[in-house]
Structures are given as C-alpha cells and as structure tokens.
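Novice: The following block contains the structure, expressed as structure tokens.
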Amino acid sequence: MTAHRTPGDLVPATADTDDRIARGLVLGDEACLAAAYRRWGRLVHTLAARALGDPREAEDVTQLVFVAAWRGRATFRPERGTLPAWLTGITRRKIADALTARTRRTELAAALGAFLEHEERKDGQPDRLLDRMVVTEELSRLPRVQRDVLELAYFSDLTQTQIADRTGMPLGTVKSHARRGLQRMRHSLELAGADR
C-alpha cells in the first residue's frame, strides 16, 4: 500500500511542486498552506526582520502574512505571478502596517508622557493621573477617526465646529464620531469596572 503524499510532503523545490502548492492553496487545502509556510516562511521572516529590525515583530508579521494569504487565497492569480511573489507583496503590506502601528504607539506614548507631566505639575494628584491614563488607553482602542475627534475635543480643547473646520468633516459627522466614541469608551470602562 502506497502512502498518500500531499504537496507539503514533497521535498524537491520545483516549479511543478510550487504550482501544485499554489493551486491547492487557492482550493483551500490546508496541507498546501502548511507547505507554503515551510517553503517560504523563512523568506517572509527575513524580509520582515530586515525591515523592522526586531525578530519578534518579524515573527508576528510572518504569521499575519500567512493568515492573510489563507483568507485571501481566492484573490491569488497564478497568471499574474508566482506564489512567492504574491506572498512577498503581502509581506510588504504587513511590514508597512507594522511600521505604521509602531509609529502610532511611539506618538501616543510621547503624547501621554507629555500630557501626564503637564497634569502632574497642574494638580499633583496621583488618582487623577491614573484616571487619565485609563482614559488615554481607552482612547487608543477606538477607531482612528473617533479617537482623532475626541483627542481634538479634549486634548486640543476644540469645539465640534472647530474640529469640523480643521478636519474637513461635516459637523454632523464630527458629532456622530464623538458620540459613538464616547459610548464605546463608556461601555468599555463599565465592563472593566465590572471585572474588578
């Protein structure tokens, strides 16, 4: 009796094998996803590590690339390029996302540090600082547009009309984003309070 072999079991790296892995992946064969990971995971990780300079972050990006490849497998078109080229394109996008997230985290940390320093000089009350840190953390979890509107309102002390002028959004949209953002924060803080 001959054992059944999947593309992931094939050792030689040939164009035929690559084609079978690609076709199987598009059809939803998890063994082909595993084979693609074994075959090109190191390439993806190397590209991410070089761009990000952090092996752990590169591991996260590598996982995200293969999750995205699996979820978006129906969009892969072999006639437009090879599977490794497609994976490389996904890798570039995930690296860009990671760099954007890193920049945003750095900006938020710097803003929070400056804000806390200002508040500490203003009133010196540790409980109030802790409350502000919690609120700032909840703000960071909001969708970007809601977070931006609330930050402009509370940290820049702008009215909703001024926010609309500055962002180019209609006043009604600014009001909606502010209301939804505050509702989400309230709900999240209530849940956190219930867990204590």
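Ordered as shown in the structure tokens, chains take letters A, B, and onward, while each chain numbers its residues from 1 and ligands are numbered from 1 in the order shown.
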Residues near Ala69 in chain A, anyone? I mean within 10 Å using only C-alpha atoms, not counting same-chain ones fewer than 6 positions away, as number ranges by chain.

Specialist: A: 25-26, 33, 36, 63, 75-76, 83, 86-87, 90-91

Novice: Next, write the just-selected residues to a file, as a compact mmCIF listing (two decimals), in the first residue's frame, keeping N, CA and C atoms as the atom set.

Specialist:
# COMPACT_ATOMS: atom_id res chain seq x y z
N LEU A 25 -3.56 25.69 -2.42
CA LEU A 25 -3.86 26.79 -1.51
C LEU A 25 -5.13 27.52 -1.96
N VAL A 26 -5.22 27.81 -3.23
CA VAL A 26 -6.40 28.51 -3.77
C VAL A 26 -7.66 27.68 -3.53
N LEU A 33 -1.21 25.13 2.50
CA LEU A 33 -0.84 26.30 3.30
C LEU A 33 0.38 25.97 4.15
N ALA A 36 3.36 25.84 1.95
CA ALA A 36 3.79 27.20 1.58
C ALA A 36 4.54 27.84 2.74
N GLN A 63 3.39 35.47 10.68
CA GLN A 63 2.10 34.82 10.93
C GLN A 63 0.97 35.57 10.23
N THR A 75 -8.00 35.37 -4.13
CA THR A 75 -7.55 36.51 -4.96
C THR A 75 -6.22 36.23 -5.65
N PHE A 76 -5.56 35.13 -5.29
CA PHE A 76 -4.28 34.80 -5.94
C PHE A 76 -4.53 34.38 -7.38
N LEU A 83 3.48 32.28 -6.57
CA LEU A 83 3.04 32.34 -5.18
C LEU A 83 4.06 33.06 -4.30
N TRP A 86 3.58 36.73 -4.76
CA TRP A 86 2.34 37.18 -4.13
C TRP A 86 2.54 37.31 -2.62
N LEU A 87 3.20 36.31 -2.01
CA LEU A 87 3.49 36.35 -0.58
C LEU A 87 4.39 37.53 -0.23
N ILE A 90 2.27 40.62 -0.05
CA ILE A 90 1.53 40.65 1.22
C ILE A 90 2.48 41.05 2.35
N THR A 91 3.70 40.51 2.30
CA THR A 91 4.70 40.82 3.33
C THR A 91 4.99 42.32 3.36

Novice: What does the distance from CA of Thr161 in chain A to CA of Ala178 in chain A come to in Å, to one decimal?

Specialist: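 According to the coordinates, CA of Thr161 in chain A and CA of Ala178 in chain A are separated by 12.0 Å.
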
Novice: Closest to Gly81 in chain A among A:Arg184, A:Val149, A:Ala22, A:Gly168, using only C-alpha atoms?

Specialist: A:Ala22

Novice: Using only C-alpha atoms for the distances, tell me which of A:Tyr37, A:Ala51, A:Arg20, A:Met185 is nearest to Val134 in chain A.

Specialist: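 That would be A:Met185, the residue with the smallest distance to Val134 in chain A.
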
Novice: Show which residues sit within 12 Å of Val145 in chain A, as a VMD selection string. Count only C-alpha atoms, and ignore same-chain residues fewer than 6 positions away.

Specialist: chain A and resid 139 151 to 152 163 167 169 173 to 181

Novice: If you measure from CA of Arg92 in chain A to CA of Glu79 in chain A, what distance in Å do you get, rounded to one decimal?

Specialist: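 Rounded to one decimal, the two atoms are 20.6 Å apart.
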
Novice: Nearest to Thr17 in chain A among A:Thr82, A:Gln183, A:Arg50, A:Gln162, with distances taken over only C-alpha atoms: which residue is it?

Specialist: A:Thr82

Novice: So the first atom is CA of Gly72 in chain A and the second is CA of Arg144 in chain A; what is the distance between them in Å, to one decimal place?

Specialist: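 That distance, rounded to one decimal, is 24.5 Å.
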